[in-house]
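> Data file start35.cif (mmCIF, C-alpha atoms, pLDDT in the B column; chains and numbers go by the auth columns) is appended below.
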```cif
data_final
#
loop_
_atom_site.group_PDB
_atom_site.id
_atom_site.type_symbol
_atom_site.label_atom_id
_atom_site.label_comp_id
_atom_site.label_asym_id
_atom_site.label_seq_id
_atom_site.Cartn_x
_atom_site.Cartn_y
_atom_site.Cartn_z
_atom_site.B_iso_or_equiv
_atom_site.auth_seq_id
_atom_site.auth_asym_id
ATOM 1 C CA MET A 1 0.000 0.000 0.000 69.00 1 A
ATOM 2 C CA SER A 2 1.193 3.523 -0.769 74.00 2 A
ATOM 3 C CA ASP A 3 -0.233 7.013 -0.919 81.00 3 A
ATOM 4 C CA THR A 4 1.550 7.648 -4.232 87.00 4 A
ATOM 5 C CA ILE A 5 2.302 5.495 -7.275 88.00 5 A
ATOM 6 C CA ALA A 6 6.042 6.065 -6.753 89.00 6 A
ATOM 7 C CA GLY A 7 5.962 4.496 -3.267 85.00 7 A
ATOM 8 C CA ALA A 8 7.294 3.785 -0.703 89.00 8 A
ATOM 9 C CA TYR A 9 5.147 0.707 -0.375 88.00 9 A
ATOM 10 C CA GLN A 10 4.083 -1.170 2.726 85.00 10 A
ATOM 11 C CA ILE A 11 3.149 -4.853 2.417 85.00 11 A
ATOM 12 C CA LEU A 12 -0.105 -5.518 4.222 79.00 12 A
ATOM 13 C CA PRO A 13 -1.553 -8.843 5.380 78.00 13 A
ATOM 14 C CA PRO A 14 -4.318 -10.460 3.305 78.00 14 A
ATOM 15 C CA VAL A 15 -7.678 -8.745 3.721 77.00 15 A
ATOM 16 C CA VAL A 16 -9.563 -12.061 3.844 79.00 16 A
ATOM 17 C CA ALA A 17 -7.697 -14.967 5.396 78.00 17 A
ATOM 18 C CA PRO A 18 -8.027 -17.553 8.132 79.00 18 A
ATOM 19 C CA THR A 19 -6.526 -17.001 11.542 77.00 19 A
ATOM 20 C CA PRO A 20 -5.029 -19.825 13.625 82.00 20 A
ATOM 21 C CA ALA A 21 -8.342 -19.980 15.509 82.00 21 A
ATOM 22 C CA THR A 22 -10.482 -20.210 12.330 80.00 22 A
ATOM 23 C CA ALA A 23 -8.208 -22.223 10.008 81.00 23 A
ATOM 24 C CA ALA A 24 -9.940 -25.594 10.495 84.00 24 A
ATOM 25 C CA ASP A 25 -13.308 -24.172 9.443 81.00 25 A
ATOM 26 C CA TRP A 26 -12.156 -21.562 6.909 86.00 26 A
ATOM 27 C CA PRO A 27 -14.439 -21.920 3.848 90.00 27 A
ATOM 28 C CA PHE A 28 -12.071 -21.170 0.945 90.00 28 A
ATOM 29 C CA TYR A 29 -8.865 -22.949 0.005 88.00 29 A
ATOM 30 C CA HIS A 30 -8.374 -20.211 -2.574 87.00 30 A
ATOM 31 C CA MET A 31 -10.206 -17.147 -3.900 90.00 31 A
ATOM 32 C CA GLU A 32 -10.196 -16.189 -7.574 92.00 32 A
ATOM 33 C CA ARG A 33 -10.970 -13.043 -9.549 91.00 33 A
ATOM 34 C CA PRO A 34 -11.463 -10.702 -6.568 93.00 34 A
ATOM 35 C CA GLN A 35 -13.100 -7.396 -7.384 94.00 35 A
ATOM 36 C CA VAL A 36 -13.769 -4.582 -4.898 93.00 36 A
ATOM 37 C CA PHE A 37 -16.299 -1.760 -5.253 92.00 37 A
ATOM 38 C CA TYR A 38 -16.853 1.141 -2.882 92.00 38 A
ATOM 39 C CA LYS A 39 -20.569 1.853 -2.534 91.00 39 A
ATOM 40 C CA ASP A 40 -22.758 3.339 0.184 90.00 40 A
ATOM 41 C CA GLY A 41 -19.844 3.842 2.574 93.00 41 A
ATOM 42 C CA ARG A 42 -18.573 0.242 2.449 94.00 42 A
ATOM 43 C CA TYR A 43 -16.133 -1.835 0.444 94.00 43 A
ATOM 44 C CA HIS A 44 -17.752 -4.809 -1.318 93.00 44 A
ATOM 45 C CA LEU A 45 -15.549 -7.749 -2.301 94.00 45 A
ATOM 46 C CA PHE A 46 -16.791 -10.266 -4.878 94.00 46 A
ATOM 47 C CA PHE A 47 -14.838 -13.436 -5.699 95.00 47 A
ATOM 48 C CA SER A 48 -15.157 -17.012 -6.999 94.00 48 A
ATOM 49 C CA CYS A 49 -13.992 -20.393 -5.729 94.00 49 A
ATOM 50 C CA PHE A 50 -14.461 -23.757 -7.451 93.00 50 A
ATOM 51 C CA ARG A 51 -16.500 -26.081 -5.255 92.00 51 A
ATOM 52 C CA ILE A 52 -13.640 -28.619 -5.015 93.00 52 A
ATOM 53 C CA TYR A 53 -11.580 -25.906 -3.284 93.00 53 A
ATOM 54 C CA LEU A 54 -14.133 -25.336 -0.522 93.00 54 A
ATOM 55 C CA ASN A 55 -13.591 -26.726 2.956 91.00 55 A
ATOM 56 C CA PRO A 56 -15.871 -29.794 3.367 91.00 56 A
ATOM 57 C CA ASN A 57 -16.388 -28.923 7.065 87.00 57 A
ATOM 58 C CA TRP A 58 -17.791 -25.539 6.061 86.00 58 A
ATOM 59 C CA LEU A 59 -20.009 -27.066 3.355 88.00 59 A
ATOM 60 C CA LYS A 60 -21.642 -29.308 5.970 87.00 60 A
ATOM 61 C CA ARG A 61 -22.618 -26.277 8.079 83.00 61 A
ATOM 62 C CA VAL A 62 -24.197 -24.110 5.368 82.00 62 A
ATOM 63 C CA ASN A 63 -27.142 -24.514 3.047 76.00 63 A
ATOM 64 C CA ASN A 64 -24.888 -25.691 0.226 80.00 64 A
ATOM 65 C CA ARG A 65 -27.584 -26.328 -2.391 79.00 65 A
ATOM 66 C CA HIS A 66 -26.779 -22.864 -3.824 83.00 66 A
ATOM 67 C CA ILE A 67 -23.044 -23.476 -3.935 89.00 67 A
ATOM 68 C CA THR A 68 -21.821 -24.508 -7.375 91.00 68 A
ATOM 69 C CA ASN A 69 -18.757 -23.741 -9.460 91.00 69 A
ATOM 70 C CA SER A 70 -20.401 -20.522 -10.629 89.00 70 A
ATOM 71 C CA THR A 71 -21.378 -19.246 -7.159 91.00 71 A
ATOM 72 C CA LEU A 72 -20.163 -15.695 -6.583 92.00 72 A
ATOM 73 C CA TYR A 73 -19.279 -14.783 -2.983 93.00 73 A
ATOM 74 C CA TRP A 74 -19.916 -11.333 -1.471 92.00 74 A
ATOM 75 C CA TYR A 75 -17.973 -9.927 1.505 92.00 75 A
ATOM 76 C CA VAL A 76 -17.961 -6.383 2.945 93.00 76 A
ATOM 77 C CA SER A 77 -15.726 -4.133 5.019 94.00 77 A
ATOM 78 C CA ASP A 78 -15.674 -0.589 6.341 96.00 78 A
ATOM 79 C CA SER A 79 -12.023 -0.304 5.227 93.00 79 A
ATOM 80 C CA VAL A 80 -10.379 -1.294 1.949 90.00 80 A
ATOM 81 C CA THR A 81 -7.739 -3.171 3.955 88.00 81 A
ATOM 82 C CA GLY A 82 -10.342 -5.209 5.829 87.00 82 A
ATOM 83 C CA PRO A 83 -11.241 -7.126 7.728 85.00 83 A
ATOM 84 C CA TYR A 84 -13.913 -8.395 5.319 89.00 84 A
ATOM 85 C CA ARG A 85 -16.857 -10.400 6.560 88.00 85 A
ATOM 86 C CA PRO A 86 -19.647 -12.248 4.751 88.00 86 A
ATOM 87 C CA ARG A 87 -22.372 -9.935 3.464 89.00 87 A
ATOM 88 C CA PHE A 88 -25.093 -12.325 4.636 83.00 88 A
ATOM 89 C CA ASP A 89 -25.085 -14.687 7.602 73.00 89 A
ATOM 90 C CA ASP A 90 -26.120 -17.834 5.739 65.00 90 A
ATOM 91 C CA GLU A 91 -24.098 -18.372 2.547 65.00 91 A
ATOM 92 C CA SER A 92 -23.010 -14.856 1.564 80.00 92 A
ATOM 93 C CA ILE A 93 -23.537 -15.468 -2.127 85.00 93 A
ATOM 94 C CA VAL A 94 -24.935 -13.300 -4.888 87.00 94 A
ATOM 95 C CA PRO A 95 -28.444 -14.716 -5.421 83.00 95 A
ATOM 96 C CA GLY A 96 -28.753 -16.608 -8.695 84.00 96 A
ATOM 97 C CA SER A 97 -25.020 -16.744 -9.395 88.00 97 A
ATOM 98 C CA ASP A 98 -25.082 -20.495 -8.758 87.00 98 A
ATOM 99 C CA ARG A 99 -27.257 -20.950 -11.874 85.00 99 A
ATOM 100 C CA ILE A 100 -25.323 -18.778 -14.346 84.00 100 A
ATOM 101 C CA GLY A 101 -22.706 -21.417 -15.217 84.00 101 A
ATOM 102 C CA MET A 102 -20.032 -18.708 -15.393 86.00 102 A
ATOM 103 C CA TYR A 103 -16.899 -18.954 -13.233 88.00 103 A
ATOM 104 C CA GLY A 104 -14.746 -16.033 -12.164 88.00 104 A
ATOM 105 C CA MET A 105 -17.510 -13.528 -12.815 89.00 105 A
ATOM 106 C CA ASN A 106 -16.477 -9.875 -12.788 91.00 106 A
ATOM 107 C CA PHE A 107 -18.421 -6.712 -13.489 91.00 107 A
ATOM 108 C CA LEU A 108 -17.889 -3.796 -15.832 90.00 108 A
ATOM 109 C CA PRO A 109 -19.767 -0.691 -14.627 90.00 109 A
ATOM 110 C CA VAL A 110 -22.085 0.828 -17.227 88.00 110 A
ATOM 111 C CA ASP A 111 -21.650 4.289 -15.649 83.00 111 A
ATOM 112 C CA ASP A 112 -20.037 5.914 -12.618 83.00 112 A
ATOM 113 C CA ARG A 113 -23.043 5.447 -10.320 83.00 113 A
ATOM 114 C CA LEU A 114 -22.136 1.760 -9.799 85.00 114 A
ATOM 115 C CA ASP A 115 -25.738 0.639 -10.003 89.00 115 A
ATOM 116 C CA GLU A 116 -25.678 -1.178 -13.368 89.00 116 A
ATOM 117 C CA PHE A 117 -22.998 -3.599 -14.647 90.00 117 A
ATOM 118 C CA ILE A 118 -22.214 -5.918 -17.527 88.00 118 A
ATOM 119 C CA ALA A 119 -21.224 -9.332 -16.141 87.00 119 A
ATOM 120 C CA TYR A 120 -18.398 -11.311 -17.741 87.00 120 A
ATOM 121 C CA GLY A 121 -16.473 -14.461 -16.890 87.00 121 A
ATOM 122 C CA TRP A 122 -15.532 -17.959 -17.996 86.00 122 A
ATOM 123 C CA TYR A 123 -18.036 -20.659 -18.945 82.00 123 A
ATOM 124 C CA HIS A 124 -15.890 -23.427 -17.434 76.00 124 A
ATOM 125 C CA ARG A 125 -17.934 -26.319 -18.826 76.00 125 A
ATOM 126 C CA LEU A 126 -17.585 -24.950 -22.364 73.00 126 A
ATOM 127 C CA HIS A 127 -14.051 -23.608 -21.882 72.00 127 A
ATOM 128 C CA THR A 128 -15.097 -20.261 -23.353 74.00 128 A
ATOM 129 C CA LEU A 129 -14.985 -16.674 -22.220 71.00 129 A
ATOM 130 C CA GLY A 130 -18.398 -15.127 -21.695 70.00 130 A
ATOM 131 C CA VAL A 131 -18.707 -11.436 -22.418 68.00 131 A
ATOM 132 C CA SER A 132 -22.200 -10.310 -23.239 61.00 132 A
ATOM 133 C CA PRO A 133 -24.029 -7.068 -22.604 62.00 133 A
ATOM 134 C CA ALA A 134 -27.135 -9.270 -22.212 68.00 134 A
ATOM 135 C CA LEU A 135 -26.083 -10.534 -18.750 81.00 135 A
ATOM 136 C CA ARG A 136 -26.384 -7.626 -16.362 83.00 136 A
ATOM 137 C CA ALA A 137 -26.210 -6.903 -12.673 87.00 137 A
ATOM 138 C CA SER A 138 -28.311 -4.258 -10.980 86.00 138 A
ATOM 139 C CA TRP A 139 -27.217 -2.737 -7.659 88.00 139 A
ATOM 140 C CA LYS A 140 -29.665 0.046 -6.935 84.00 140 A
ATOM 141 C CA HIS A 141 -30.190 -0.998 -3.311 80.00 141 A
ATOM 142 C CA PRO A 142 -27.155 -1.675 -1.054 74.00 142 A
ATOM 143 C CA ASP A 143 -28.387 -5.130 0.004 75.00 143 A
ATOM 144 C CA ARG A 144 -29.635 -6.269 -3.394 82.00 144 A
ATOM 145 C CA PHE A 145 -27.093 -7.171 -6.053 86.00 145 A
ATOM 146 C CA ARG A 146 -29.330 -8.723 -8.736 82.00 146 A
ATOM 147 C CA LEU A 147 -28.230 -10.663 -11.828 85.00 147 A
ATOM 148 C CA TYR A 148 -30.641 -10.534 -14.755 81.00 148 A
ATOM 149 C CA SER A 149 -30.979 -11.157 -18.467 78.00 149 A
ATOM 150 C CA LEU A 150 -31.265 -7.973 -20.543 71.00 150 A
ATOM 151 C CA GLU A 151 -33.387 -9.750 -23.168 66.00 151 A
ATOM 152 C CA SER A 152 -36.058 -10.960 -20.740 63.00 152 A
ATOM 153 C CA GLN A 153 -35.493 -8.448 -17.896 61.00 153 A
ATOM 154 C CA GLN A 154 -35.956 -11.496 -15.656 62.00 154 A
ATOM 155 C CA SER A 155 -33.878 -11.831 -12.530 66.00 155 A
ATOM 156 C CA VAL A 156 -31.628 -14.865 -12.427 65.00 156 A
ATOM 157 C CA GLY A 157 -31.794 -15.022 -8.627 53.00 157 A
ATOM 158 C CA ASP A 158 -35.555 -14.980 -8.116 51.00 158 A
#
```
Please go through the file and, once you have read it, give me the structure as structure tokens.

Amino acid sequence: MSDTIAGAYQILPPVVAPTPATAADWPFYHMERPQVFYKDGRYHLFFSCFRIYLNPNWLKRVNNRHITNSTLYWYVSDSVTGPYRPRFDDESIVPGSDRIGMYGMNFLPVDDRLDEFIAYGWYHRLHTLGVSPALRASWKHPDRFRLYSLESQQSVGD
């Protein structure tokens, strides 16, 4: 971290990581494609993790029927350097992301208000990159990050 691009830099600890006390039950063996947005006074971290890299102990404790390879996780913090905590108490996933079939989903803002995004990622079963303005995310309410199809205007998560 640095206040200027020229440095000097300070190496900070990971913003989301297990501690010695939580290591046995830590959900993620790795986190891919992290993306952070600042909205409504909080930092929102979105990331992916293939199901095979999830801690089986954690999977037994949560309602894992919505956890697939395309599930997108959502964590929040009051500071960009953390600590980050799950957005929701149960699974902390973006509703509907488990049904998209896209891994490593990221978002391209449509404008600077950060309330409408184009979703893109990797269709892992097809081994193809998915970039389509037809898959959108709407974030007009702080607690509601909604994935939807532009063609049908139907929410993927409902």
> Running the PyMOL selection byres ((chain A and resi 49-57) around 12) on this model by hand, what would come out? Give it as a PyMOL selection string.
chain A and resi 18+22-34+46-48+58-62+64-74+93+98+101-105+124
> Box for region 70-87 of chain A: with edges along x, y and z, all listed atoms inside and 6 Å added on each side, what are the centre and edge lengths in Å to one decimal, as AutoDock Vina command-line options?

```
--center_x -15.1 --center_y -10.4 --center_z -1.5 --size_x 26.6 --size_y 32.2 --size_z 30.4
```
> To one decimal in Å, tell me the separation between CA of Ile100 (chain A) and CA of Glu116 (chain A).
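Computing the Euclidean distance for CA of Ile100 (chain A) and CA of Glu116 (chain A) yields 17.6 Å.
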> Using the chain letters and numbering of this document, enumerate as a list in words the residues selected by the PyMOL selection byres ((chain A and resi 16) around 7).
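Written out, the selection comes to Pro14, Val15, Ala17, Pro83 and Tyr84 of chain A.
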> Which residues would end up in the selection if the PyMOL selection byres ((chain A and resi 40) around 12) were applied here, given that I need the answer as a list in words?
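For this structure, the PyMOL selection byres ((chain A and resi 40) around 12) captures Phe37, Tyr38, Lys39, Gly41, Arg42, Tyr43, His44, Val76, Ser77, Asp78, Arg113, Leu114, Asp115, Trp139, Lys140, His141, Pro142 and Asp143 of chain A.
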> Separation of CA of Arg136 (chain A) and CA of Phe107 (chain A), in Å?
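So the two atoms, CA of Arg136 (chain A) and CA of Phe107 (chain A), lie 8.5 Å apart.
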